[in-house]
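Printed here is query23.txt (compact mmCIF, C-alpha atoms):
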```
# COMPACT_ATOMS: atom_id res chain seq x y z
CA MET A 16 -45.47 63.70 -31.87
CA ASP A 17 -43.84 65.18 -34.98
CA LEU A 18 -47.01 66.81 -36.22
CA LEU A 19 -47.32 69.02 -33.13
CA LYS A 20 -44.13 70.82 -34.23
CA TRP A 21 -46.19 72.45 -36.98
CA PHE A 22 -47.97 74.50 -34.35
CA GLU A 23 -44.75 75.85 -32.80
CA VAL A 24 -44.52 79.28 -34.40
CA ARG A 25 -42.24 81.10 -31.93
CA GLY A 26 -38.93 81.99 -33.58
CA LYS A 27 -40.02 80.43 -36.88
CA SER A 28 -39.80 82.25 -40.22
CA LEU A 29 -42.88 83.20 -42.19
CA PHE A 30 -41.80 80.58 -44.76
CA TYR A 31 -41.90 77.87 -42.11
CA ILE A 32 -45.30 79.05 -40.85
CA SER A 33 -46.55 78.99 -44.47
CA TYR A 34 -45.29 75.40 -44.74
CA SER A 35 -47.13 74.43 -41.54
CA LEU A 36 -50.32 76.12 -42.76
CA HIS A 37 -49.99 74.38 -46.14
CA ARG A 38 -49.98 70.97 -44.46
CA ILE A 39 -52.73 71.81 -41.96
CA THR A 40 -55.00 73.16 -44.73
CA GLY A 41 -54.11 70.09 -46.84
CA LEU A 42 -55.29 67.77 -44.08
CA ILE A 43 -58.56 69.73 -43.70
CA LEU A 44 -59.11 69.48 -47.46
CA VAL A 45 -58.50 65.71 -47.43
CA LEU A 46 -61.25 65.39 -44.79
CA TYR A 47 -63.52 67.62 -46.87
CA LEU A 48 -62.86 65.49 -49.99
CA VAL A 49 -64.06 62.40 -48.14
CA MET A 50 -67.14 64.31 -46.92
CA HIS A 51 -67.80 65.67 -50.43
CA LEU A 52 -67.67 62.20 -52.01
CA SER A 53 -70.00 60.89 -49.29
CA TYR A 54 -72.40 63.78 -49.78
CA LEU A 55 -72.52 63.16 -53.55
CA THR A 56 -73.69 59.63 -52.77
CA SER A 57 -77.09 61.15 -51.84
CA LEU A 58 -77.63 61.72 -55.60
CA ARG A 59 -77.98 57.95 -56.00
CA PHE A 60 -80.98 57.91 -53.66
CA GLY A 61 -83.05 60.30 -55.74
CA GLU A 62 -84.22 63.90 -55.75
CA GLU A 63 -86.03 63.90 -52.41
CA ILE A 64 -83.04 62.71 -50.36
CA TYR A 65 -80.61 64.97 -52.25
CA GLU A 66 -82.81 68.08 -51.91
CA SER A 67 -83.37 67.46 -48.18
CA PHE A 68 -79.58 67.22 -47.76
CA ILE A 69 -79.09 70.48 -49.70
CA ALA A 70 -81.88 72.15 -47.68
CA THR A 71 -79.91 71.32 -44.52
CA THR A 72 -76.37 72.13 -45.65
CA VAL A 73 -76.78 75.07 -48.05
CA THR A 74 -78.19 77.42 -45.41
CA PRO A 75 -77.15 80.59 -43.58
CA THR A 76 -76.33 78.41 -40.53
CA PHE A 77 -73.70 76.52 -42.55
CA LEU A 78 -72.42 79.69 -44.25
CA ILE A 79 -69.68 80.21 -41.63
CA PHE A 80 -68.30 76.72 -42.34
CA ASP A 81 -68.44 77.36 -46.10
CA ILE A 82 -66.57 80.65 -45.68
CA LEU A 83 -63.91 79.00 -43.50
CA LEU A 84 -63.58 76.15 -46.00
CA VAL A 85 -63.09 78.68 -48.81
CA LEU A 86 -60.30 80.32 -46.77
CA VAL A 87 -58.64 76.93 -46.33
CA GLY A 88 -58.99 76.11 -50.05
CA VAL A 89 -57.85 79.53 -51.28
CA TYR A 90 -54.83 79.51 -48.95
CA HIS A 91 -53.79 75.99 -50.02
CA GLY A 92 -54.25 76.84 -53.70
CA VAL A 93 -52.44 80.20 -53.73
CA ASN A 94 -49.61 78.96 -51.49
CA GLY A 95 -49.31 75.85 -53.67
CA LEU A 96 -49.00 77.98 -56.81
CA ARG A 97 -46.27 80.02 -55.07
CA LEU A 98 -44.36 76.81 -54.30
CA ILE A 99 -44.71 75.58 -57.90
CA LEU A 100 -43.46 78.94 -59.19
CA HIS A 101 -40.28 78.67 -57.10
CA GLU A 102 -39.90 74.94 -57.83
CA PHE A 103 -39.50 75.80 -61.50
CA GLY A 104 -36.83 78.34 -60.56
CA LEU A 105 -39.04 81.35 -61.16
CA ALA A 106 -39.01 84.51 -58.98
CA TYR A 107 -36.80 82.84 -56.36
CA ASP A 108 -34.81 86.07 -55.83
CA VAL A 109 -38.00 87.88 -54.83
CA ARG A 110 -39.49 85.06 -52.74
CA ARG A 111 -40.24 87.28 -49.74
CA PRO A 112 -42.27 89.89 -51.70
CA ILE A 113 -43.97 86.98 -53.51
CA LEU A 114 -44.88 85.49 -50.11
CA TYR A 115 -46.45 88.81 -49.00
CA LEU A 116 -48.22 89.07 -52.34
CA SER A 117 -49.60 85.55 -51.93
CA TYR A 118 -51.05 86.45 -48.51
CA PHE A 119 -52.62 89.57 -50.01
CA LEU A 120 -54.07 87.49 -52.87
CA VAL A 121 -55.50 84.97 -50.38
CA LEU A 122 -57.21 87.79 -48.50
CA VAL A 123 -58.68 89.39 -51.65
CA LEU A 124 -59.88 86.09 -53.19
CA TRP A 125 -61.31 84.90 -49.87
CA LEU A 126 -63.26 88.15 -49.29
CA TYR A 127 -64.58 88.09 -52.87
CA ALA A 128 -65.64 84.42 -52.72
CA SER A 129 -67.15 84.88 -49.25
CA TYR A 130 -69.23 87.82 -50.43
CA LYS A 131 -70.46 85.84 -53.47
CA LEU A 132 -71.24 82.86 -51.25
CA TYR A 133 -73.18 85.10 -48.88
CA VAL A 134 -75.24 86.42 -51.81
CA PHE A 135 -75.68 82.86 -53.16
CA ILE A 136 -76.90 81.38 -49.87
CA VAL A 137 -78.65 84.28 -48.13
CA GLY A 138 -79.95 85.58 -51.47
CA VAL A 139 -79.50 89.34 -50.95
CA MET B 25 -37.25 76.55 -48.65
CA ALA B 26 -38.58 74.44 -45.80
CA GLU B 27 -41.92 73.46 -47.30
CA GLU B 28 -40.49 72.17 -50.58
CA LEU B 29 -37.60 70.30 -49.03
CA HIS B 30 -39.71 68.49 -46.43
CA THR B 31 -42.19 67.20 -48.99
CA ARG B 32 -39.74 66.60 -51.80
CA LYS B 33 -37.33 64.60 -49.65
CA VAL B 34 -39.95 62.00 -48.69
CA LEU B 35 -41.53 61.57 -52.15
CA GLU B 36 -40.01 59.86 -55.18
CA PRO B 37 -39.18 62.30 -58.05
CA LEU B 38 -42.21 61.07 -60.00
CA GLY B 39 -44.50 61.39 -56.95
CA TRP B 40 -43.26 64.96 -56.40
CA ILE B 41 -43.62 65.99 -60.07
CA PHE B 42 -47.15 64.58 -60.26
CA GLN B 43 -47.98 66.38 -57.00
CA LEU B 44 -46.99 69.66 -58.68
CA LEU B 45 -48.76 68.92 -61.96
CA THR B 46 -52.02 67.81 -60.31
CA GLY B 47 -51.78 70.87 -58.05
CA LEU B 48 -51.65 73.14 -61.10
CA LEU B 49 -54.52 71.30 -62.74
CA LEU B 50 -56.62 71.43 -59.56
CA ALA B 51 -56.13 75.20 -59.20
CA ILE B 52 -57.85 75.55 -62.58
CA LEU B 53 -60.49 72.81 -62.26
CA ILE B 54 -61.59 73.59 -58.69
CA THR B 55 -61.85 77.32 -59.45
CA PHE B 56 -64.08 76.48 -62.44
CA HIS B 57 -66.12 73.96 -60.39
CA PHE B 58 -66.60 76.45 -57.55
CA PHE B 59 -67.67 79.24 -59.96
CA GLU B 60 -70.09 76.94 -61.74
CA THR B 61 -71.73 75.54 -58.60
CA HIS B 62 -71.69 78.55 -56.24
CA LEU B 63 -71.05 81.84 -57.98
CA ILE B 64 -72.95 81.86 -61.29
CA ALA B 65 -76.50 80.55 -60.86
CA HIS B 66 -78.62 80.38 -57.71
CA ASP B 67 -80.15 77.05 -58.76
CA ALA B 68 -76.85 75.38 -59.77
CA LEU B 69 -77.19 72.86 -56.92
CA ALA B 70 -80.80 71.92 -57.76
CA PHE B 71 -81.15 68.17 -58.42
CA GLU B 72 -82.09 68.45 -62.10
CA ASN B 73 -79.19 70.86 -62.80
CA VAL B 74 -76.68 68.56 -61.09
CA ILE B 75 -77.98 65.60 -63.14
CA THR B 76 -77.83 67.69 -66.33
CA ARG B 77 -74.15 68.43 -65.68
CA LEU B 78 -73.39 64.82 -64.77
CA THR B 79 -74.95 63.51 -68.00
CA ASP B 80 -73.20 66.06 -70.22
CA PRO B 81 -70.15 64.40 -71.92
CA ALA B 82 -67.91 67.48 -71.59
CA HIS B 83 -68.70 67.71 -67.87
CA LYS B 84 -68.12 63.97 -67.48
CA VAL B 85 -64.59 64.37 -68.89
CA MET B 86 -63.94 67.41 -66.68
CA TYR B 87 -65.25 65.69 -63.53
CA GLY B 88 -63.25 62.55 -64.39
CA LEU B 89 -60.07 64.62 -64.69
CA LEU B 90 -60.91 66.50 -61.49
CA LEU B 91 -61.58 63.24 -59.66
CA ALA B 92 -58.31 61.62 -60.83
CA SER B 93 -56.28 64.73 -59.98
CA VAL B 94 -57.84 65.34 -56.57
CA SER B 95 -57.67 61.65 -55.54
CA PHE B 96 -53.96 61.56 -56.34
CA HIS B 97 -53.06 65.02 -54.99
CA ALA B 98 -54.96 64.68 -51.70
CA PHE B 99 -53.75 61.23 -50.70
CA ASN B 100 -50.24 61.60 -52.13
CA GLY B 101 -49.98 64.76 -50.00
CA LEU B 102 -51.21 62.77 -47.01
CA ARG B 103 -48.56 60.15 -47.81
CA ALA B 104 -45.85 62.85 -47.75
CA ILE B 105 -47.08 64.02 -44.34
CA LEU B 106 -47.13 60.46 -42.96
CA LEU B 107 -43.71 59.58 -44.39
CA ASP B 108 -42.30 62.75 -42.82
CA THR B 109 -43.02 61.36 -39.33
CA GLU B 110 -40.92 58.88 -37.33
CA PHE B 111 -43.78 56.39 -37.67
CA GLY B 112 -43.79 56.88 -41.44
CA ALA B 113 -40.05 56.44 -41.74
CA ARG B 114 -40.38 53.05 -40.00
CA ASN B 115 -43.40 51.90 -42.06
CA THR B 116 -42.75 53.33 -45.52
CA LYS B 117 -43.82 50.27 -47.49
CA ALA B 118 -47.09 49.77 -45.57
CA ILE B 119 -47.99 53.46 -45.96
CA ASN B 120 -47.22 53.41 -49.69
CA ILE B 121 -49.40 50.33 -50.24
CA LEU B 122 -52.24 51.71 -48.10
CA ILE B 123 -52.20 55.08 -49.88
CA VAL B 124 -52.22 53.47 -53.35
CA LEU B 125 -55.29 51.49 -52.29
CA VAL B 126 -56.98 54.63 -50.91
CA ILE B 127 -56.24 56.61 -54.12
CA LEU B 128 -57.67 53.80 -56.24
CA GLY B 129 -60.65 53.42 -53.87
CA ALA B 130 -61.53 57.13 -54.01
CA PHE B 131 -61.10 57.24 -57.79
CA ILE B 132 -63.17 54.11 -58.48
CA TYR B 133 -65.88 55.17 -55.99
CA GLY B 134 -66.10 58.61 -57.63
CA LEU B 135 -66.17 57.09 -61.13
CA GLY B 136 -69.02 54.85 -59.98
CA LEU B 137 -70.98 57.95 -58.97
CA LEU B 138 -70.09 59.71 -62.22
CA PHE B 139 -71.26 56.84 -64.41
CA THR B 140 -74.48 56.21 -62.46
CA PHE B 141 -76.04 59.04 -64.49
```
Please rewrite the model in this file as structure tokens.
Amino acid sequence: MDLLKWFEVRGKSLFYISYSLHRITGLILVLYLVMHLSYLTSLRFGEEIYESFIATTVTPTFLIFDILLVLVGVYHGVNGLRLILHEFGLAYDVRRPILYLSYFLVLVLWLYASYKLYVFIVGV
Amino acid sequence: MAEELHTRKVLEPLGWIFQLLTGLLLAILITFHFFETHLIAHDALAFENVITRLTDPAHKVMYGLLLASVSFHAFNGLRAILLDTEFGARNTKAINILIVLVILGAFIYGLGLLFTF
């Protein structure tokens, strides 16, 4: 199957691995979009149903999934912006440093958002 | 660069350009949406606050734009992935039709939710 090639990282450049990760994170986000639209449907059924859904999903137990989802979203977003930058012919000569910078940005934004999420959900 | 070439080669120029433009738009809109719902106020997800946002005209426009962009970007990206397989290369027309229907379905379903309130 063609898709399994994305997981072959031996001997592949960091650019290729970034491409594989971009597609894998994209697929995860498509699944999340479908879940998000389904979850918003609970609003139609009134406050009680919606609040019981929130009481189940916005909890410390689900925090790990939220934090992983944020990593997926931040990676896809930052890597996507890097691709757009190069697509418009910008910073192509320094694409390797830009790639490292994008990974650093992903890490910083993910840690910041995770901390804020932790405070939001656990309420420290 | 591998990632651009793979995706660009299977999409039409217009499909590729709109993928980039909606990507840019989503980076802004999703960051704003995430800040507003998770990072600013503790009660942002409370029922009455969600309804307040959904009934506010400015939010309606923003959510409509977000919905249109994300429906296109997500499923057009999925289309690129599918077309980049041997299966996709053999069934291009069927995949294109199916994805157009899914994009429209997601957008119309989301609009239905948006205009319920």
Compile a residue-level contact table for range 40-113 of chain B against range 63-73 of chain A at a cut-off of 9 Å, reporting for every qualifying residue the shortest atom pair and its distance in Å to one decimal, with only C-alpha atoms counted, rows ordered by chain and ascending number, as a Markdown table.
```
| residue | atom | partner | partner_atom | distance |
| --- | --- | --- | --- | --- |
| B:Leu69 | CA | A:Ile69 | CA | 7.8 |
| B:Ala70 | CA | A:Glu66 | CA | 7.3 |
| B:Phe71 | CA | A:Glu66 | CA | 6.7 |
```
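Take the candidates A:Leu19, A:Leu120, A:Leu132, A:Leu126 and check each one against chain B using all atoms listed in the file; the shortest distance goes to A:Leu132.
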Inset, instruction - Report as an MDAnalysis selection string the set of chain A residues whose atoms approach chain B to within 6 Å, with distances computed over only C-alpha atoms. - result: chainID A and resid 17 34 45 62 135
File of the preceding selection, C-alpha atoms, as a PDB file, in the coordinates of the input:
```
ATOM      1  CA  ASP A  17     -43.840  65.180 -34.980  1.00  0.00           C
ATOM      2  CA  TYR A  34     -45.290  75.400 -44.740  1.00  0.00           C
ATOM      3  CA  VAL A  45     -58.500  65.710 -47.430  1.00  0.00           C
ATOM      4  CA  GLU A  62     -84.220  63.900 -55.750  1.00  0.00           C
ATOM      5  CA  PHE A 135     -75.680  82.860 -53.160  1.00  0.00           C
TER       6      PHE A 135
END
```
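What separates CA of Tyr90 in chain A from CA of Phe119 in chain A is a distance of 10.4 Å.
Across the model, the gap from CA of Ile119 in chain B to CA of Gly88 in chain A is 25.5 Å.
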Near-Leu36 in chain A list (12 Å; all atoms listed in the file; drop same-chain fewer than 2 positions) as a CSV table (one decimal) with C-alpha atoms, in the frame of the given file:
```csv
chain,number,residue,atom,x,y,z
A,18,LEU,CA,-47.0,66.8,-36.2
A,20,LYS,CA,-44.1,70.8,-34.2
A,21,TRP,CA,-46.2,72.4,-37.0
A,22,PHE,CA,-48.0,74.5,-34.4
A,23,GLU,CA,-44.8,75.8,-32.8
A,24,VAL,CA,-44.5,79.3,-34.4
A,29,LEU,CA,-42.9,83.2,-42.2
A,30,PHE,CA,-41.8,80.6,-44.8
A,31,TYR,CA,-41.9,77.9,-42.1
A,32,ILE,CA,-45.3,79.0,-40.8
A,33,SER,CA,-46.6,79.0,-44.5
A,34,TYR,CA,-45.3,75.4,-44.7
A,38,ARG,CA,-50.0,71.0,-44.5
A,39,ILE,CA,-52.7,71.8,-42.0
A,40,THR,CA,-55.0,73.2,-44.7
A,41,GLY,CA,-54.1,70.1,-46.8
A,42,LEU,CA,-55.3,67.8,-44.1
A,43,ILE,CA,-58.6,69.7,-43.7
A,44,LEU,CA,-59.1,69.5,-47.5
A,86,LEU,CA,-60.3,80.3,-46.8
A,87,VAL,CA,-58.6,76.9,-46.3
A,88,GLY,CA,-59.0,76.1,-50.0
A,89,VAL,CA,-57.8,79.5,-51.3
A,90,TYR,CA,-54.8,79.5,-49.0
A,91,HIS,CA,-53.8,76.0,-50.0
A,92,GLY,CA,-54.2,76.8,-53.7
A,93,VAL,CA,-52.4,80.2,-53.7
A,94,ASN,CA,-49.6,79.0,-51.5
A,95,GLY,CA,-49.3,75.8,-53.7
A,118,TYR,CA,-51.0,86.4,-48.5
B,27,GLU,CA,-41.9,73.5,-47.3
```
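Note that CA of His101 in chain A and CA of Leu53 in chain B are 21.7 Å apart.
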